[in-house]
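Chemist: Structure in structure tokens, see below.
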Amino acid sequence: MDVGLMQMQGRLTDYMNSLFKEGILDSQYLELHELQDESNPGFVVEVVSLFLTDSEKLLDDLSRDLTQQNVDFKRAHAQAHKMKGSSCSIGAPRVKNACIVFQNFCQEKNIRGCLRCLQQMKQEFVLVKSKLEALFELEQQVVAAGGSLPKMQPINPSV
């Protein structure tokens with residue numbers, strides 16, 4: 001095997017491990033990868049792309065809804081619930097946790113808390129988006145160099 005390719009695969013593995021250690025991704029992401037096979041090699045990228053598109057729209061809707069004269073907290077709660085579910089399904093726990101806090105503020109009808117938490121949701125979303133885009137870029141480089149993607153193993157994030 002080409003030394004350069006081995007180094008790329010090593011960088012990919014190290015990067016993936018860092019995402020788990022930082023809590024950006026969790027074991028659900030690995031389970032998503034288990035569903036990908038030769039018949040659908042772009043499955044993970046497709047699912048994550050849908051998450052990114054849908055989440056951007058939800059965040060925009062929440063931003064707009066929270067500036068209304070009479071905030072519909074039930075609607076905001078439902079939108080955060082959607083984002084929580086999709087972030088959970090792709091293995092993005094920090095986004096999911098921010099959504100949970102946002103939902104709690106909605107239940108309290110706490111507009112200031114919602115606005116602060118919305119900023120946290122946006123920050124966590126932008127972070128996971130940039131990290132996943134970088135991960136997919138590394139994966140593409142490995143495949144373009146003729147390599148295969150290393151098997152991902154769950155790691156203990158507290159190590």
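Following the order of the structure tokens, first chain is A, next is B, and so on, with residues numbered from 1 inside each chain and ligands from 1 in the order they appear.
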Do you know which residues are at most 12 Å from Arg116 of chain A counting only C-alpha atoms, after dropping those on the same chain fewer than 2 positions away, and could you put them as a list in words?
Modeler: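 Selected residues are Ser63, Leu66, Ala98, Cys99, Val101, Phe102, Phe105, Cys106, Asn110, Ile111, Arg112, Gly113, Cys114, Leu118, Gln119, Gln120, Met121, Lys122 and Gln123 of chain A.
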Chemist: May I have the residues from that selection written out with C-alpha atoms, as a JSON list (two decimals), in the first residue's frame?
Modeler:
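Result saved to selection.json:
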```json
[["chain", "number", "residue", "atom", "x", "y", "z"],
["A", 63, "SER", "CA", -35.09, 32.92, 14.35],
["A", 66, "LEU", "CA", -38.90, 34.32, 17.99],
["A", 98, "ALA", "CA", -29.02, 22.34, 22.82],
["A", 99, "CYS", "CA", -32.43, 21.49, 21.36],
["A", 101, "VAL", "CA", -32.58, 23.09, 26.58],
["A", 102, "PHE", "CA", -34.42, 25.20, 23.99],
["A", 105, "PHE", "CA", -37.33, 27.36, 27.65],
["A", 106, "CYS", "CA", -40.31, 27.02, 25.29],
["A", 110, "ASN", "CA", -39.07, 32.20, 28.40],
["A", 111, "ILE", "CA", -38.29, 34.31, 25.33],
["A", 112, "ARG", "CA", -34.87, 35.47, 26.59],
["A", 113, "GLY", "CA", -33.86, 31.90, 27.35],
["A", 114, "CYS", "CA", -35.08, 30.79, 23.93],
["A", 118, "LEU", "CA", -31.11, 29.51, 19.81],
["A", 119, "GLN", "CA", -27.66, 31.07, 19.50],
["A", 120, "GLN", "CA", -26.19, 27.98, 21.17],
["A", 121, "MET", "CA", -28.13, 25.73, 18.78],
["A", 122, "LYS", "CA", -26.79, 27.70, 15.83],
["A", 123, "GLN", "CA", -23.21, 27.50, 17.13]]
```
Chemist: Sorted by chain and rising residue number, which residues of segment 22-136 of chain A lie within 9 Å of segment 145-154 of chain A, and what are their closest atom pairs and distances in Å to one decimal, counting only C-alpha atoms, as CSV?
Modeler:
```
residue,atom,partner,partner_atom,distance
A:Asp26,CA,A:Pro154,CA,8.1
A:Ser27,CA,A:Pro154,CA,6.2
A:Leu30,CA,A:Met152,CA,6.9
A:His33,CA,A:Met152,CA,8.5
```
Chemist: For those residues, write N, CA and C atoms to a file as a short mmCIF file (atom, residue, chain, number, x, y, z; two decimals), in the first residue's frame.
Modeler:
```cif
data_model
loop_
_atom_site.label_atom_id
_atom_site.label_comp_id
_atom_site.auth_asym_id
_atom_site.auth_seq_id
_atom_site.Cartn_x
_atom_site.Cartn_y
_atom_site.Cartn_z
N ASP A 26 -21.53 10.82 18.13
CA ASP A 26 -21.64 9.70 19.07
C ASP A 26 -21.85 8.39 18.30
N SER A 27 -22.12 7.33 19.03
CA SER A 27 -22.20 6.00 18.42
C SER A 27 -23.31 5.88 17.39
N LEU A 30 -21.92 5.95 13.99
CA LEU A 30 -21.36 4.66 13.56
C LEU A 30 -22.47 3.72 13.09
N HIS A 33 -23.38 4.56 9.67
CA HIS A 33 -22.38 4.01 8.74
C HIS A 33 -22.62 2.53 8.47
#
```
Chemist: Quick one: residues within 7 Å of Arg94 of chain A, only C-alpha atoms counted, chain neighbours fewer than 4 positions away excluded, as a PDB file with C-alpha atoms, in the first residue's frame?
Modeler:
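Below is the file that was written, selection37.pdb:
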```pdb
ATOM      1  CA  GLY A  23     -18.565  14.908  21.692  1.00  0.00           C
ATOM      2  CA  ILE A  24     -19.289  16.227  18.190  1.00  0.00           C
ATOM      3  CA  ALA A  98     -29.018  22.340  22.817  1.00  0.00           C
ATOM      4  CA  GLU A 124     -23.430  23.749  17.690  1.00  0.00           C
TER       5      GLU A 124
END
```
Chemist: Write out as an MDAnalysis selection string all residues of segment 71-158 of chain A that DSSP puts in alpha helix (DSSP H) for this structure's backbone.
Modeler: chainID A and resid 73:90 93:107 111:144
Chemist: Which residues are near segment 35-41 of chain A? Cut-off 12 Å, only C-alpha atoms, ignore same chain within fewer than 6 positions. Put them as an mmCIF file with N, CA, C and O atoms, in the first residue's frame.
Modeler:
```cif
data_model
loop_
_atom_site.group_PDB
_atom_site.id
_atom_site.type_symbol
_atom_site.label_atom_id
_atom_site.label_comp_id
_atom_site.auth_asym_id
_atom_site.auth_seq_id
_atom_site.Cartn_x
_atom_site.Cartn_y
_atom_site.Cartn_z
ATOM 1 N N GLN A 28 -24.300 6.749 17.439
ATOM 2 C CA GLN A 28 -25.365 6.706 16.425
ATOM 3 C C GLN A 28 -24.788 6.964 15.033
ATOM 4 O O GLN A 28 -25.257 6.401 14.050
ATOM 5 N N TYR A 29 -23.759 7.792 14.946
ATOM 6 C CA TYR A 29 -23.113 8.043 13.658
ATOM 7 C C TYR A 29 -22.507 6.749 13.113
ATOM 8 O O TYR A 29 -22.595 6.467 11.914
ATOM 9 N N VAL A 47 -27.843 11.269 3.932
ATOM 10 C CA VAL A 47 -28.617 11.479 5.161
ATOM 11 C C VAL A 47 -28.140 12.737 5.890
ATOM 12 O O VAL A 47 -28.948 13.558 6.332
ATOM 13 N N ILE A 90 -28.502 11.255 13.399
ATOM 14 C CA ILE A 90 -27.202 11.236 12.723
ATOM 15 C C ILE A 90 -26.047 11.172 13.716
ATOM 16 O O ILE A 90 -24.894 11.086 13.323
ATOM 17 N N GLU A 139 -12.574 11.719 3.597
ATOM 18 C CA GLU A 139 -13.015 10.436 3.053
ATOM 19 C C GLU A 139 -12.885 10.421 1.528
ATOM 20 O O GLU A 139 -12.415 9.438 0.945
ATOM 21 N N GLN A 140 -13.287 11.517 0.886
ATOM 22 C CA GLN A 140 -13.184 11.606 -0.571
ATOM 23 C C GLN A 140 -11.734 11.525 -1.033
ATOM 24 O O GLN A 140 -11.437 10.897 -2.049
ATOM 25 N N VAL A 143 -10.608 7.844 -0.866
ATOM 26 C CA VAL A 143 -11.200 7.057 -1.946
ATOM 27 C C VAL A 143 -10.589 7.448 -3.294
ATOM 28 O O VAL A 143 -10.266 6.581 -4.119
ATOM 29 N N SER A 148 -9.523 2.462 0.712
ATOM 30 C CA SER A 148 -10.840 2.200 1.294
ATOM 31 C C SER A 148 -10.918 2.925 2.630
ATOM 32 O O SER A 148 -9.893 3.220 3.256
ATOM 33 N N LEU A 149 -12.130 3.183 3.032
ATOM 34 C CA LEU A 149 -12.321 3.885 4.298
ATOM 35 C C LEU A 149 -12.082 2.914 5.439
ATOM 36 O O LEU A 149 -12.591 1.796 5.420
ATOM 37 N N LYS A 151 -12.440 1.001 8.880
ATOM 38 C CA LYS A 151 -13.600 0.627 9.693
ATOM 39 C C LYS A 151 -13.590 1.487 10.949
ATOM 40 O O LYS A 151 -12.591 1.583 11.655
#
```
Chemist: Within 9 Å of Val142 of chain A, counting only C-alpha atoms, which residues show up once you throw out same-chain ones fewer than 6 positions away? Write them as a list in words, please.
Modeler: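 Counting only C-alpha atoms, the residues come to Leu5, Met6, Met8, Gln9, Leu12, Ser148 and Leu149 of chain A.
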Chemist: Those same residues, written as an mmCIF file, in the first residue's frame with N, CA, C and O atoms?
Modeler:
```
data_model
loop_
_atom_site.group_PDB
_atom_site.id
_atom_site.type_symbol
_atom_site.label_atom_id
_atom_site.label_comp_id
_atom_site.auth_asym_id
_atom_site.auth_seq_id
_atom_site.Cartn_x
_atom_site.Cartn_y
_atom_site.Cartn_z
ATOM 1 N N LEU A 5 -1.108 7.097 0.982
ATOM 2 C CA LEU A 5 -2.466 6.641 1.236
ATOM 3 C C LEU A 5 -2.621 6.194 2.688
ATOM 4 O O LEU A 5 -3.616 6.523 3.347
ATOM 5 N N MET A 6 -1.639 5.477 3.182
ATOM 6 C CA MET A 6 -1.693 5.043 4.582
ATOM 7 C C MET A 6 -1.730 6.247 5.517
ATOM 8 O O MET A 6 -2.448 6.235 6.523
ATOM 9 N N MET A 8 -2.951 9.215 4.776
ATOM 10 C CA MET A 8 -4.294 9.810 4.650
ATOM 11 C C MET A 8 -5.306 9.032 5.488
ATOM 12 O O MET A 8 -6.137 9.628 6.179
ATOM 13 N N GLN A 9 -5.233 7.701 5.416
ATOM 14 C CA GLN A 9 -6.153 6.884 6.200
ATOM 15 C C GLN A 9 -5.923 7.093 7.695
ATOM 16 O O GLN A 9 -6.869 7.127 8.474
ATOM 17 N N LEU A 12 -7.499 10.370 8.615
ATOM 18 C CA LEU A 12 -8.947 10.191 8.673
ATOM 19 C C LEU A 12 -9.361 9.528 9.983
ATOM 20 O O LEU A 12 -10.281 9.996 10.657
ATOM 21 N N SER A 148 -9.523 2.462 0.712
ATOM 22 C CA SER A 148 -10.840 2.200 1.294
ATOM 23 C C SER A 148 -10.918 2.925 2.630
ATOM 24 O O SER A 148 -9.893 3.220 3.256
ATOM 25 N N LEU A 149 -12.130 3.183 3.032
ATOM 26 C CA LEU A 149 -12.321 3.885 4.298
ATOM 27 C C LEU A 149 -12.082 2.914 5.439
ATOM 28 O O LEU A 149 -12.591 1.796 5.420
#
```
